[in-house]
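Asker: So here's model.txt (compact mmCIF, C-alpha atoms).
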# COMPACT_ATOMS: atom_id res chain seq x y z
CA MET A 1 43.38 39.62 -38.34
CA GLU A 2 42.71 41.91 -41.26
CA TYR A 3 40.63 44.88 -40.21
CA VAL A 4 41.21 46.93 -43.33
CA SER A 5 41.03 45.04 -46.63
CA PRO A 6 43.52 45.81 -49.43
CA GLU A 7 40.74 47.73 -51.14
CA GLY A 8 40.62 50.01 -48.12
CA LEU A 9 37.33 48.79 -46.69
CA ARG A 10 36.66 47.88 -43.09
CA LEU A 11 34.81 44.81 -41.80
CA ASP A 12 31.44 46.57 -41.95
CA GLY A 13 32.16 48.05 -45.36
CA ARG A 14 33.12 51.53 -44.23
CA ARG A 15 36.15 53.52 -45.34
CA PRO A 16 38.74 54.23 -42.60
CA MET A 17 37.63 57.85 -42.23
CA GLU A 18 33.94 57.09 -42.44
CA MET A 19 31.56 57.36 -39.53
CA ARG A 20 28.57 55.16 -38.90
CA GLN A 21 25.13 56.53 -39.58
CA LEU A 22 23.86 58.92 -36.94
CA ARG A 23 20.29 59.18 -35.79
CA ALA A 24 18.91 61.22 -32.93
CA GLU A 25 15.50 61.75 -31.47
CA ILE A 26 14.55 64.29 -28.83
CA GLY A 27 11.85 63.99 -26.19
CA THR A 28 11.60 60.23 -25.93
CA VAL A 29 10.95 60.07 -22.18
CA ALA A 30 7.76 61.97 -21.44
CA LYS A 31 8.28 62.26 -17.69
CA ALA A 32 11.83 63.59 -17.86
CA ASN A 33 12.63 67.30 -18.19
CA GLY A 34 14.79 66.45 -21.18
CA SER A 35 15.51 63.24 -23.03
CA ALA A 36 17.03 61.88 -26.20
CA VAL A 37 17.90 58.71 -28.05
CA PHE A 38 21.18 58.71 -29.91
CA GLU A 39 22.29 56.06 -32.39
CA MET A 40 25.66 55.56 -34.01
CA GLY A 41 25.19 52.64 -36.34
CA ASN A 42 24.12 49.76 -34.16
CA THR A 43 24.99 51.49 -30.90
CA LYS A 44 21.84 52.92 -29.36
CA VAL A 45 21.69 54.94 -26.17
CA ILE A 46 18.83 56.62 -24.33
CA ALA A 47 19.42 59.55 -21.99
CA ALA A 48 17.06 61.31 -19.58
CA VAL A 49 17.71 64.50 -17.64
CA TYR A 50 15.85 65.53 -14.50
CA GLY A 51 16.32 68.94 -12.99
CA PRO A 52 17.47 71.42 -12.02
CA ARG A 53 15.58 70.36 -8.94
CA GLU A 54 15.95 70.44 -5.18
CA VAL A 55 18.89 68.46 -3.82
CA GLN A 56 17.67 65.11 -2.51
CA ASN A 57 20.53 64.52 -0.11
CA ARG A 58 21.14 67.78 1.75
CA SER A 59 24.68 66.86 2.74
CA GLN A 60 25.64 66.89 -0.95
CA GLN A 61 24.22 70.36 -1.57
CA ILE A 62 26.69 72.87 -2.97
CA ASN A 63 26.00 76.49 -2.06
CA ASP A 64 27.36 78.21 -5.15
CA GLN A 65 26.71 75.73 -7.94
CA ALA A 66 24.53 72.89 -9.09
CA LEU A 67 25.26 69.28 -8.23
CA VAL A 68 25.50 67.14 -11.35
CA ARG A 69 24.87 63.43 -11.00
CA CYS A 70 25.13 60.79 -13.66
CA GLU A 71 24.14 57.17 -13.80
CA TYR A 72 25.24 54.91 -16.63
CA SER A 73 23.82 51.47 -17.10
CA MET A 74 23.74 48.85 -19.77
CA ALA A 75 20.56 47.00 -20.57
CA ASN A 76 20.94 43.25 -20.11
CA PHE A 77 19.86 42.70 -23.69
CA SER A 78 22.29 45.22 -25.12
CA THR A 79 25.09 42.78 -25.90
CA GLY A 80 25.24 39.50 -27.78
CA ASP A 81 25.73 37.36 -24.72
CA ARG A 82 23.00 38.23 -22.28
CA MET A 83 24.67 38.89 -18.98
CA ARG A 84 23.26 39.80 -15.63
CA LYS A 85 25.72 42.30 -14.30
CA PRO A 86 25.40 43.79 -10.87
CA LYS A 87 24.53 47.46 -10.91
CA GLY A 88 27.51 49.64 -10.19
CA ASP A 89 30.33 47.46 -11.41
CA ARG A 90 33.73 48.98 -12.08
CA ARG A 91 33.16 49.67 -15.75
CA SER A 92 29.86 51.47 -15.34
CA THR A 93 31.01 53.53 -12.33
CA GLU A 94 34.00 54.63 -14.39
CA ILE A 95 31.84 55.61 -17.36
CA SER A 96 29.36 57.38 -15.07
CA LEU A 97 32.23 59.42 -13.68
CA VAL A 98 33.57 60.21 -17.15
CA ILE A 99 30.17 61.36 -18.39
CA ARG A 100 29.57 63.40 -15.24
CA GLN A 101 32.88 65.20 -15.51
CA THR A 102 32.42 65.87 -19.21
CA MET A 103 28.92 67.28 -18.77
CA GLU A 104 29.87 69.28 -15.69
CA ALA A 105 32.51 71.04 -17.79
CA CYS A 106 29.88 72.41 -20.14
CA ILE A 107 26.91 73.09 -17.85
CA LEU A 108 26.81 76.61 -16.40
CA THR A 109 26.47 75.17 -12.90
CA HIS A 110 26.99 78.50 -11.16
CA LEU A 111 23.60 79.71 -12.45
CA MET A 112 21.75 77.06 -10.46
CA PRO A 113 23.09 77.04 -6.90
CA ARG A 114 21.70 74.57 -4.36
CA SER A 115 20.05 72.43 -7.00
CA GLN A 116 20.80 69.12 -8.61
CA ILE A 117 20.73 67.81 -12.14
CA ASP A 118 20.39 64.09 -12.74
CA ILE A 119 21.51 62.50 -15.97
CA PHE A 120 20.54 58.90 -16.62
CA VAL A 121 21.97 57.10 -19.62
CA GLN A 122 21.25 53.56 -20.62
CA VAL A 123 22.77 51.58 -23.42
CA LEU A 124 20.06 49.79 -25.36
CA GLN A 125 22.34 48.29 -28.00
CA ALA A 126 26.10 48.08 -27.62
CA ASP A 127 28.28 47.98 -30.71
CA GLY A 128 31.39 49.88 -29.70
CA GLY A 129 31.69 53.56 -28.88
CA THR A 130 29.08 53.47 -26.11
CA ARG A 131 31.03 56.08 -24.14
CA SER A 132 30.85 58.62 -26.98
CA ALA A 133 27.23 57.77 -27.78
CA CYS A 134 26.31 58.30 -24.12
CA ILE A 135 27.94 61.74 -24.05
CA ASN A 136 26.21 62.77 -27.27
CA ALA A 137 22.85 61.55 -25.97
CA ALA A 138 23.39 63.36 -22.66
CA THR A 139 24.19 66.61 -24.51
CA LEU A 140 21.00 66.38 -26.50
CA ALA A 141 18.96 65.60 -23.40
CA LEU A 142 20.49 68.54 -21.51
CA ALA A 143 19.77 70.88 -24.40
CA ASP A 144 16.22 69.55 -24.54
CA ALA A 145 15.82 70.18 -20.81
CA GLY A 146 16.81 73.81 -21.40
CA ILE A 147 19.79 73.64 -19.07
CA PRO A 148 22.24 76.46 -19.85
CA MET A 149 25.46 75.17 -21.34
CA ARG A 150 28.72 76.78 -22.47
CA ASP A 151 28.61 74.79 -25.67
CA ILE A 152 27.34 71.41 -26.71
CA VAL A 153 29.79 68.59 -25.97
CA THR A 154 30.25 65.94 -28.57
CA SER A 155 32.36 62.87 -28.43
CA CYS A 156 33.76 60.40 -30.91
CA SER A 157 36.31 57.62 -30.85
CA ALA A 158 39.09 56.69 -33.22
CA GLY A 159 41.56 53.81 -33.31
CA TYR A 160 44.62 52.55 -35.09
CA LEU A 161 44.56 49.09 -36.65
CA ASN A 162 46.59 47.60 -39.53
CA SER A 163 48.66 50.82 -39.59
CA THR A 164 45.53 52.78 -40.50
CA PRO A 165 43.74 55.37 -38.36
CA LEU A 166 40.09 54.35 -38.14
CA LEU A 167 37.21 56.62 -37.17
CA ASP A 168 34.35 55.48 -34.91
CA LEU A 169 35.29 51.89 -34.00
CA ASN A 170 32.59 49.26 -33.84
CA TYR A 171 32.55 46.36 -31.40
CA ILE A 172 34.77 44.02 -33.43
CA GLU A 173 37.36 46.71 -34.05
CA ASP A 174 37.12 47.82 -30.43
CA SER A 175 37.82 44.33 -29.11
CA ALA A 176 40.82 43.91 -31.44
CA GLY A 177 42.92 45.28 -28.60
CA GLY A 178 44.42 48.15 -30.51
CA PRO A 179 44.54 51.71 -29.23
CA ASP A 180 41.15 53.38 -28.78
CA VAL A 181 41.12 57.16 -28.39
CA THR A 182 37.89 58.70 -27.13
CA VAL A 183 37.75 62.47 -27.45
CA GLY A 184 35.12 64.89 -26.19
CA ILE A 185 35.21 68.48 -27.39
CA LEU A 186 33.36 71.76 -27.13
CA PRO A 187 33.27 72.37 -30.89
CA LYS A 188 32.60 76.10 -31.01
CA LEU A 189 35.05 76.93 -28.26
CA ASP A 190 37.63 74.48 -29.64
CA LYS A 191 38.32 72.93 -26.29
CA VAL A 192 38.91 69.34 -25.30
CA THR A 193 36.92 68.15 -22.29
CA LEU A 194 37.62 64.44 -22.51
CA LEU A 195 40.57 62.47 -23.79
CA GLN A 196 40.98 58.80 -23.03
CA MET A 197 43.29 56.19 -24.45
CA ASP A 198 44.01 52.78 -23.02
CA ALA A 199 47.10 51.77 -25.00
CA LYS A 200 50.47 53.05 -26.06
CA LEU A 201 50.94 54.91 -29.33
CA PRO A 202 53.79 56.95 -30.80
CA VAL A 203 53.13 60.66 -30.46
CA ASP A 204 52.93 61.44 -34.20
CA ILE A 205 50.41 58.65 -34.82
CA PHE A 206 48.50 59.62 -31.71
CA GLU A 207 48.17 63.13 -33.05
CA THR A 208 46.71 61.98 -36.37
CA VAL A 209 44.32 59.60 -34.59
CA MET A 210 43.21 62.33 -32.20
CA GLY A 211 42.82 64.75 -35.10
CA LEU A 212 40.59 62.21 -36.81
CA ALA A 213 38.49 61.80 -33.67
CA ILE A 214 38.14 65.60 -33.38
CA GLU A 215 36.96 65.76 -36.99
CA GLY A 216 34.39 63.10 -36.06
CA CYS A 217 33.29 65.17 -33.05
CA LYS A 218 32.77 68.20 -35.28
CA ALA A 219 30.69 66.21 -37.73
CA ILE A 220 28.57 64.94 -34.84
CA ALA A 221 28.26 68.50 -33.51
CA ASN A 222 26.90 69.67 -36.85
CA TYR A 223 24.39 66.84 -36.84
CA ILE A 224 23.34 67.55 -33.23
CA ARG A 225 22.85 71.25 -33.99
CA GLU A 226 20.69 70.34 -36.96
CA VAL A 227 18.59 68.03 -34.81
CA LEU A 228 18.19 70.68 -32.11
CA LEU A 229 17.17 73.37 -34.60
CA GLU A 230 14.76 71.00 -36.35
CA ASN A 231 13.24 70.10 -32.97
CA THR A 232 12.80 73.75 -32.01
CA LYS A 233 11.23 74.46 -35.40
CA GLN A 234 8.79 71.58 -34.91
CA LEU A 235 7.84 72.82 -31.46
CA GLU A 236 7.27 76.35 -32.72
CA TYR A 237 5.22 75.02 -35.60
CA ARG A 238 3.05 72.96 -33.28
CA ARG A 239 2.60 75.98 -31.04
CA GLY A 240 1.29 77.79 -34.10
CA LEU A 241 3.83 80.56 -34.31
CA MET B 1 12.10 97.34 -29.44
CA GLU B 2 12.24 93.60 -29.67
CA GLU B 3 13.23 91.60 -32.66
CA ALA B 4 13.29 87.84 -33.05
CA ASP B 5 15.50 86.39 -35.70
CA GLU B 6 17.43 83.18 -36.12
CA MET B 7 17.50 80.05 -34.02
CA VAL B 8 20.68 79.25 -32.14
CA THR B 9 22.11 76.28 -30.26
CA PRO B 10 24.40 76.29 -27.20
CA GLY B 11 27.89 77.52 -27.98
CA GLU B 12 27.02 79.70 -30.95
CA VAL B 13 28.55 83.16 -31.04
CA LEU B 14 25.98 85.91 -30.57
CA GLY B 15 28.28 88.90 -30.71
CA LYS B 16 30.99 90.88 -29.04
CA ALA B 17 30.74 91.86 -25.37
CA THR B 18 31.70 95.41 -26.32
CA ASP B 19 28.50 96.05 -28.26
CA LEU B 20 26.03 93.61 -26.63
CA LYS B 21 25.01 92.58 -23.12
CA ALA B 22 24.31 88.93 -22.26
CA GLY B 23 20.76 88.34 -21.03
CA LYS B 24 18.94 85.09 -20.25
CA GLY B 25 20.17 82.10 -22.21
CA ALA B 26 23.45 83.78 -23.09
CA TYR B 27 26.75 84.21 -21.35
CA ALA B 28 29.84 86.33 -21.85
CA ALA B 29 33.21 84.60 -21.96
CA SER B 30 35.76 86.81 -20.27
CA HIS B 31 38.83 85.49 -22.11
CA ASN B 32 37.84 86.73 -25.57
CA ASN B 33 35.01 89.17 -24.79
CA THR B 34 32.53 87.16 -26.82
CA ILE B 35 28.91 86.39 -26.05
CA TYR B 36 27.75 82.84 -26.60
CA ALA B 37 24.33 81.20 -26.45
CA SER B 38 23.73 78.72 -23.65
CA LEU B 39 20.28 77.47 -24.68
CA THR B 40 18.54 76.28 -27.81
CA GLY B 41 15.99 78.76 -29.02
CA PHE B 42 15.45 82.10 -30.69
CA ARG B 43 17.84 85.00 -30.48
CA ARG B 44 16.20 88.23 -29.39
CA ILE B 45 17.76 91.64 -29.08
CA GLN B 46 16.28 94.14 -26.69
CA ALA B 47 17.09 97.82 -26.59
CA PRO B 48 18.61 99.10 -23.34
CA PRO B 49 16.24 100.81 -20.90
CA PRO B 50 16.40 104.57 -21.59
CA ALA B 51 17.25 105.35 -17.96
CA SER B 52 20.43 103.29 -17.80
CA ASN B 53 23.76 104.76 -18.82
CA ASP B 54 24.79 101.45 -20.42
CA LYS B 55 23.83 101.90 -24.07
CA ARG B 56 24.44 98.30 -25.14
CA PRO B 57 21.36 96.34 -26.23
CA THR B 58 20.70 93.04 -24.42
CA VAL B 59 20.77 89.80 -26.37
CA GLU B 60 18.86 86.84 -24.99
CA VAL B 61 17.91 83.37 -26.11
CA THR B 62 14.40 82.24 -25.32
CA GLY B 63 14.18 78.49 -25.07
CA HIS B 64 11.17 76.36 -25.83
CA LYS B 65 10.79 74.99 -22.32
CA ALA B 66 9.27 77.24 -19.69
CA HIS B 67 10.48 76.53 -16.19
CA GLY B 68 7.88 76.12 -13.49
CA PRO B 69 7.15 79.14 -11.33
CA VAL B 70 9.00 79.51 -8.03
CA PRO B 71 7.49 81.35 -5.05
CA GLU B 72 9.33 84.48 -4.06
CA PRO B 73 8.72 87.01 -1.26
CA GLY B 74 5.63 89.06 -2.01
CA SER B 75 3.99 86.62 -4.42
CA VAL B 76 0.45 85.46 -3.73
CA VAL B 77 0.15 81.70 -3.56
CA ILE B 78 -2.62 79.14 -3.27
CA ALA B 79 -1.77 76.38 -0.83
CA ARG B 80 -3.40 73.34 0.68
CA VAL B 81 -3.10 72.98 4.45
CA THR B 82 -1.51 69.65 5.37
CA LYS B 83 -0.95 69.85 9.10
CA VAL B 84 -2.12 72.17 11.86
CA MET B 85 -0.10 72.44 15.04
CA ALA B 86 -0.46 74.67 18.12
CA ARG B 87 1.76 77.48 16.80
CA THR B 88 2.10 76.77 13.09
CA ALA B 89 0.25 75.28 10.17
CA SER B 90 2.08 73.75 7.23
CA ALA B 91 0.77 73.86 3.72
CA ASP B 92 1.78 72.65 0.27
CA ILE B 93 2.00 75.43 -2.28
CA MET B 94 -0.01 74.59 -5.39
CA CYS B 95 -0.08 77.81 -7.39
CA VAL B 96 2.09 80.88 -7.58
CA GLY B 97 -0.07 83.69 -8.90
CA PRO B 98 -2.04 82.17 -11.77
CA LYS B 99 0.46 79.38 -12.52
CA SER B 100 0.57 75.93 -10.97
CA VAL B 101 3.90 74.79 -9.60
CA ARG B 102 5.72 71.79 -11.04
CA GLU B 103 7.60 70.74 -7.95
CA LYS B 104 6.67 70.44 -4.31
CA PHE B 105 7.10 73.58 -2.23
CA THR B 106 6.06 73.62 1.40
CA GLY B 107 5.05 76.67 3.35
CA ILE B 108 4.51 77.43 7.01
CA ILE B 109 1.93 79.83 8.42
CA ARG B 110 3.03 80.88 11.87
CA GLN B 111 0.60 81.88 14.61
CA GLN B 112 1.59 85.56 14.39
CA ASP B 113 1.02 85.67 10.64
CA VAL B 114 -2.56 84.38 10.56
CA ARG B 115 -4.36 87.70 10.97
CA ALA B 116 -3.50 91.37 11.34
CA THR B 117 -5.15 92.07 14.72
CA GLU B 118 -4.94 90.35 18.11
CA ILE B 119 -2.12 88.24 16.79
CA ASP B 120 -1.38 86.81 20.23
CA LYS B 121 -4.86 85.36 20.68
CA VAL B 122 -4.89 83.28 17.51
CA ASP B 123 -5.88 79.65 17.91
CA MET B 124 -4.44 77.77 14.94
CA HIS B 125 -7.06 75.01 15.21
CA LEU B 126 -9.84 77.59 14.93
CA SER B 127 -8.20 79.15 11.86
CA PHE B 128 -7.28 76.25 9.60
CA ARG B 129 -8.00 72.57 9.13
CA PRO B 130 -6.01 70.08 7.09
CA GLY B 131 -7.36 70.07 3.55
CA ASP B 132 -8.33 73.74 3.44
CA ILE B 133 -7.37 75.74 0.38
CA VAL B 134 -5.68 78.95 1.51
CA ARG B 135 -4.67 82.07 -0.29
CA ALA B 136 -1.54 83.52 1.27
CA VAL B 137 1.33 85.84 0.55
CA VAL B 138 4.95 84.70 0.77
CA LEU B 139 6.67 86.58 3.59
CA SER B 140 10.18 85.23 3.16
CA LEU B 141 12.10 82.27 1.90
CA GLY B 142 11.94 80.96 5.47
CA ASP B 143 14.24 78.20 6.58
CA ALA B 144 15.71 75.36 4.56
CA ARG B 145 12.46 73.39 4.67
CA ALA B 146 9.61 75.79 4.05
CA TYR B 147 8.57 79.24 2.93
CA TYR B 148 6.96 81.53 5.50
CA LEU B 149 3.43 82.40 4.46
CA SER B 150 1.08 85.03 5.83
CA THR B 151 -2.70 85.39 5.72
CA ALA B 152 -2.78 88.69 7.63
CA LYS B 153 -4.93 90.63 5.14
CA ASN B 154 -8.65 90.73 4.41
CA GLU B 155 -8.36 89.09 1.03
CA LEU B 156 -6.10 86.31 2.36
CA GLY B 157 -7.11 83.19 4.24
CA VAL B 158 -9.24 80.13 3.61
CA VAL B 159 -10.93 80.30 0.21
CA SER B 160 -12.37 76.80 0.13
CA ALA B 161 -12.94 74.30 2.91
CA GLU B 162 -14.82 71.09 3.46
CA SER B 163 -17.01 70.58 6.52
CA SER B 164 -16.90 67.45 8.64
CA ALA B 165 -19.95 66.31 6.69
CA GLY B 166 -17.93 66.50 3.50
CA ALA B 167 -19.59 69.46 1.80
CA THR B 168 -17.87 72.62 0.60
CA MET B 169 -18.72 75.26 3.13
CA VAL B 170 -20.10 78.74 2.53
CA PRO B 171 -18.38 81.70 4.16
CA ILE B 172 -20.69 83.71 6.44
CA SER B 173 -18.24 86.04 8.16
CA TRP B 174 -14.48 86.59 8.28
CA THR B 175 -14.20 83.96 11.02
CA GLU B 176 -17.02 81.56 10.23
CA MET B 177 -18.05 79.14 7.52
CA GLN B 178 -21.26 77.17 7.37
CA CYS B 179 -21.95 73.71 6.05
CA PRO B 180 -24.85 73.76 3.53
CA LEU B 181 -25.91 70.21 4.46
CA THR B 182 -25.99 70.27 8.25
CA GLY B 183 -26.01 73.99 8.95
CA GLN B 184 -23.09 73.50 11.30
CA ILE B 185 -20.80 76.50 11.71
CA GLU B 186 -17.03 75.99 11.72
CA LEU B 187 -14.38 78.56 12.55
CA ARG B 188 -11.78 79.58 9.96
CA LYS B 189 -9.69 82.61 8.99
CA VAL B 190 -11.86 83.30 5.95
CA ALA B 191 -10.57 85.23 2.95
CA LYS B 192 -12.68 88.01 1.50
CA VAL B 193 -12.78 86.91 -2.11
CA VAL B 194 -13.08 89.88 -4.44
CA ASN B 195 -13.58 89.23 -8.11
Show me this structure written as structure tokens.

Answerer:
Amino acid sequence: MEYVSPEGLRLDGRRPMEMRQLRAEIGTVAKANGSAVFEMGNTKVIAAVYGPREVQNRSQQINDQALVRCEYSMANFSTGDRMRKPKGDRRSTEISLVIRQTMEACILTHLMPRSQIDIFVQVLQADGGTRSACINAATLALADAGIPMRDIVTSCSAGYLNSTPLLDLNYIEDSAGGPDVTVGILPKLDKVTLLQMDAKLPVDIFETVMGLAIEGCKAIANYIREVLLENTKQLEYRRGL
Amino acid sequence: MEEADEMVTPGEVLGKATDLKAGKGAYAASHNNTIYASLTGFRRIQAPPPASNDKRPTVEVTGHKAHGPVPEPGSVVIARVTKVMARTASADIMCVGPKSVREKFTGIIRQQDVRATEIDKVDMHLSFRPGDIVRAVVLSLGDARAYYLSTAKNELGVVSAESSAGATMVPISWTEMQCPLTGQIELRKVAKVVN
């Protein structure tokens, strides 16, 4: 199938190096300590953070750092074919683990010993790149909750179809079966916290694809910083300062 | 000296560790001696206390979310008694100083901490009842379950209590409270409320 037309346009009309439109909103769950909705095109994810709070299960308590927990789920209505999936299937446990490890790498857990931080992410609309969207939403929610972090983590995916590196795959491109590289970085520290690829790719091409994904991450980081600063400004304004 | 300037987000460089000290909301990375922000908020620089020999000013980031207060030894708390046993009474802490708590903290008042004198003759059931509002001081962090509280001071003890008739009672001495409806006298460890 042709994923990039001779004119250099993708199926949804984007250029190969173009990202989908980003939108983020902070403070969408009133009861949570921090929350955010993050959209990348038609992918929409909501994240809520609770904590740092007392550890619920004492046997899991860690004496010198905080326990980070993460739960990923997909709303039944998030995909085209409505499916009733059991909670905790292989895919969602794997993504929960990935998000947990990525967030744990950036949270300053040693500042909050004997406490726990819960991150809940739910996919409201799935159109490819849910993993990255979830990480970006979780970052925003953590920042909103005021949890100390080394840096914000941002994530973006890139693929390689029709001998072209493509940034931010959507669902159709994702299900084409080509390589899909998901990268998570700490943009200011220039460190990679997540790198996943479920295909084979020659090293030189892999490097360009990964470089593209990192560029995407940096663009998302700029957007997230803008959103955070705008949110803080709004709050200060409302407080009358 | 305190100056507030720009807003920062987590991961932004605040300065070099050689000329600044990391305060709240900031951390120092040891590998490149740089101070980064760890919260979203305003960057503030505070001059070092004159007594210290470290002359570096402290940089901190004040976030927009205030964390709930946490009881610590020595703080005065307001608690509601939930259960009275022969040797202890347990209470839920509601306020730390003037601030209400966000989470649930439980405290225990032991028999020897109820009053300052004749501590071996204390009868817990004649000092507290479930539902009483008590002002107490936090003795220690206690065990894993509860803080240890003490009411062994004149100004500490029951500040508000309901009688069995359901009315808020009036204190008449440091051990007695009277119901305004029935005139019945109940025994409590009453706090001397000074305004």

Asker: Could you please determine the separation between atom CA of Ala143 of chain A and atom CA of Pro187 of chain A in Å, to one decimal place?

Answerer: 15.1 Å

Asker: How many Å separate atom CA of Val77 of chain B from atom CA of Leu39 of chain B?

Answerer: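 Atom CA of Val77 of chain B sits 29.5 Å away from atom CA of Leu39 of chain B.
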
Asker: Could you please tell me, as a VMD selection string, which residues of chain A have an atom within 9 Å of chain B when using all atoms listed in the file?

Answerer: chain A and resid 33 53 to 54 107 to 108 143 to 152 186 to 189 225 228 to 229 232 to 233 235 to 236

Asker: Deliver the residues from the most recent selection as a file, using C-alpha atoms, as a tab-separated table (two decimals), in the frame of the given file.

Answerer:
chain	number	residue	atom	x	y	z
A	33	ASN	CA	12.63	67.30	-18.19
A	53	ARG	CA	15.58	70.36	-8.94
A	54	GLU	CA	15.95	70.44	-5.18
A	107	ILE	CA	26.91	73.09	-17.85
A	108	LEU	CA	26.81	76.61	-16.40
A	143	ALA	CA	19.77	70.88	-24.40
A	144	ASP	CA	16.22	69.55	-24.54
A	145	ALA	CA	15.82	70.18	-20.81
A	146	GLY	CA	16.81	73.81	-21.40
A	147	ILE	CA	19.79	73.64	-19.07
A	148	PRO	CA	22.24	76.46	-19.85
A	149	MET	CA	25.46	75.17	-21.34
A	150	ARG	CA	28.72	76.78	-22.47
A	151	ASP	CA	28.61	74.79	-25.67
A	152	ILE	CA	27.34	71.41	-26.71
A	186	LEU	CA	33.36	71.76	-27.13
A	187	PRO	CA	33.27	72.37	-30.89
A	188	LYS	CA	32.60	76.10	-31.01
A	189	LEU	CA	35.05	76.93	-28.26
A	225	ARG	CA	22.85	71.25	-33.99
A	228	LEU	CA	18.19	70.68	-32.11
A	229	LEU	CA	17.17	73.37	-34.60
A	232	THR	CA	12.80	73.75	-32.01
A	233	LYS	CA	11.23	74.46	-35.40
A	235	LEU	CA	7.84	72.82	-31.46
A	236	GLU	CA	7.27	76.35	-32.72

Asker: Residues near Glu176 of chain B, anyone? I mean within 12 Å using only C-alpha atoms, not counting same-chain ones fewer than 5 positions away, as a PyMOL selection string.

Answerer: chain B and resi 126-128+157-159+161+163+169-171+183-192

Asker: Which residues, written as a list in words, have at least one atom at most 7 Å from Thr43 of chain A, with all atoms listed in the file counted and residues fewer than 2 positions away on the same chain left out?

Answerer: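 Residues meeting the cut-off are Glu39, Met40, Gly41, Val45, Gln125, Ala126, Asp127, Gly128 and Thr130 of chain A.
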
Asker: Atom CA of His110 of chain A and atom CA of Phe38 of chain A, how far apart in Å?

Answerer: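 Calculated distance between atom CA of Phe38 of chain A and atom CA of His110 of chain A is 27.9 Å.
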
Asker: Report as a count of residues only all protein, DNA and RNA residues lying within 9 Å of segment 88-96 of chain A, evaluated on only C-alpha atoms, omitting residues in the same chain fewer than 6 positions from it.

Answerer: 8

Asker: So that I can check the surroundings of Glu173 of chain A, please list as a PyMOL selection string every protein, DNA and RNA residue that reaches within 12 Å of it, counting all atoms listed in the file and ignoring chain neighbours fewer than 3 positions away.

Answerer: chain A and resi 1-4+10-12+16+127-129+157-162+165-170+176-180

Asker: Quick one: residues within 8 Å of Val181 of chain A, all atoms listed in the file counted, chain neighbours fewer than 5 positions away excluded, as a PyMOL selection string?

Answerer: chain A and resi 157-159+195-198+209-210+213

Asker: Counting all atoms listed in the file, which residue out of A:Ile205, A:Leu97, A:Val192, A:Cys134 sits closest to Ala36 of chain A?

Answerer: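 That would be A:Cys134, the residue with the smallest distance to Ala36 of chain A.
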
Asker: Give the answer as one residue: which of A:Arg238, A:Glu18, A:Asp118, A:Ser155 has the shortest atom-to-atom distance to Ile135 of chain A, using all atoms listed in the file?

Answerer: A:Ser155

Asker: Using only C-alpha atoms, tabulate the residues of segment 20-97 of chain B lying at most 12 Å from any atom of segment 112-123 of chain B, each with its closest atom pair and that distance in Å to one decimal, by chain and increasing residue number, as a tab-separated table.

Answerer:
residue	atom	partner	partner_atom	distance
B:Val84	CA	B:Asp123	CA	10.3
B:Met85	CA	B:Asp123	CA	9.7
B:Ala86	CA	B:Asp123	CA	7.4
B:Arg87	CA	B:Asp123	CA	8.0
B:Thr88	CA	B:Gln112	CA	8.9
B:Ala89	CA	B:Val114	CA	9.5

Asker: Rank nothing, just name the residue among A:Gly216, A:Gly51, A:Pro202, A:Gly184 nearest to Ser163 of chain A, using all atoms listed in the file.

Answerer: A:Pro202

Asker: Using only C-alpha atoms, pick whichever of A:Gly240, A:Val153, A:Ala138, A:Thr109 has the shortest atom-to-atom distance to Leu194 of chain A.

Answerer: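 Of A:Gly240, A:Val153, A:Ala138, A:Thr109, the one nearest Leu194 of chain A is A:Val153, counting only C-alpha atoms.
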
Asker: Return segment 71-78 of chain B, completed with N, CA and C atoms, as a tab-separated table (two decimals), in the coordinates of the input.

Answerer:
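Result file is result-v4.tsv:
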chain	number	residue	atom	x	y	z
B	71	PRO	N	7.98	80.30	-5.93
B	71	PRO	CA	7.49	81.35	-5.05
B	71	PRO	C	8.62	82.27	-4.62
B	72	GLU	N	8.33	83.55	-4.57
B	72	GLU	CA	9.33	84.48	-4.06
B	72	GLU	C	8.62	85.47	-3.12
B	73	PRO	N	9.37	86.12	-2.23
B	73	PRO	CA	8.72	87.01	-1.26
B	73	PRO	C	7.80	88.01	-1.96
B	74	GLY	N	6.58	88.13	-1.44
B	74	GLY	CA	5.63	89.06	-2.01
B	74	GLY	C	4.64	88.45	-2.96
B	75	SER	N	4.93	87.21	-3.47
B	75	SER	CA	3.99	86.62	-4.42
B	75	SER	C	2.82	85.97	-3.68
B	76	VAL	N	1.65	86.04	-4.31
B	76	VAL	CA	0.45	85.46	-3.73
B	76	VAL	C	0.36	84.01	-4.18
B	77	VAL	N	0.18	83.12	-3.22
B	77	VAL	CA	0.15	81.70	-3.56
B	77	VAL	C	-1.15	81.07	-3.08
B	78	ILE	N	-1.51	79.97	-3.72
B	78	ILE	CA	-2.62	79.14	-3.27
B	78	ILE	C	-2.00	77.87	-2.70
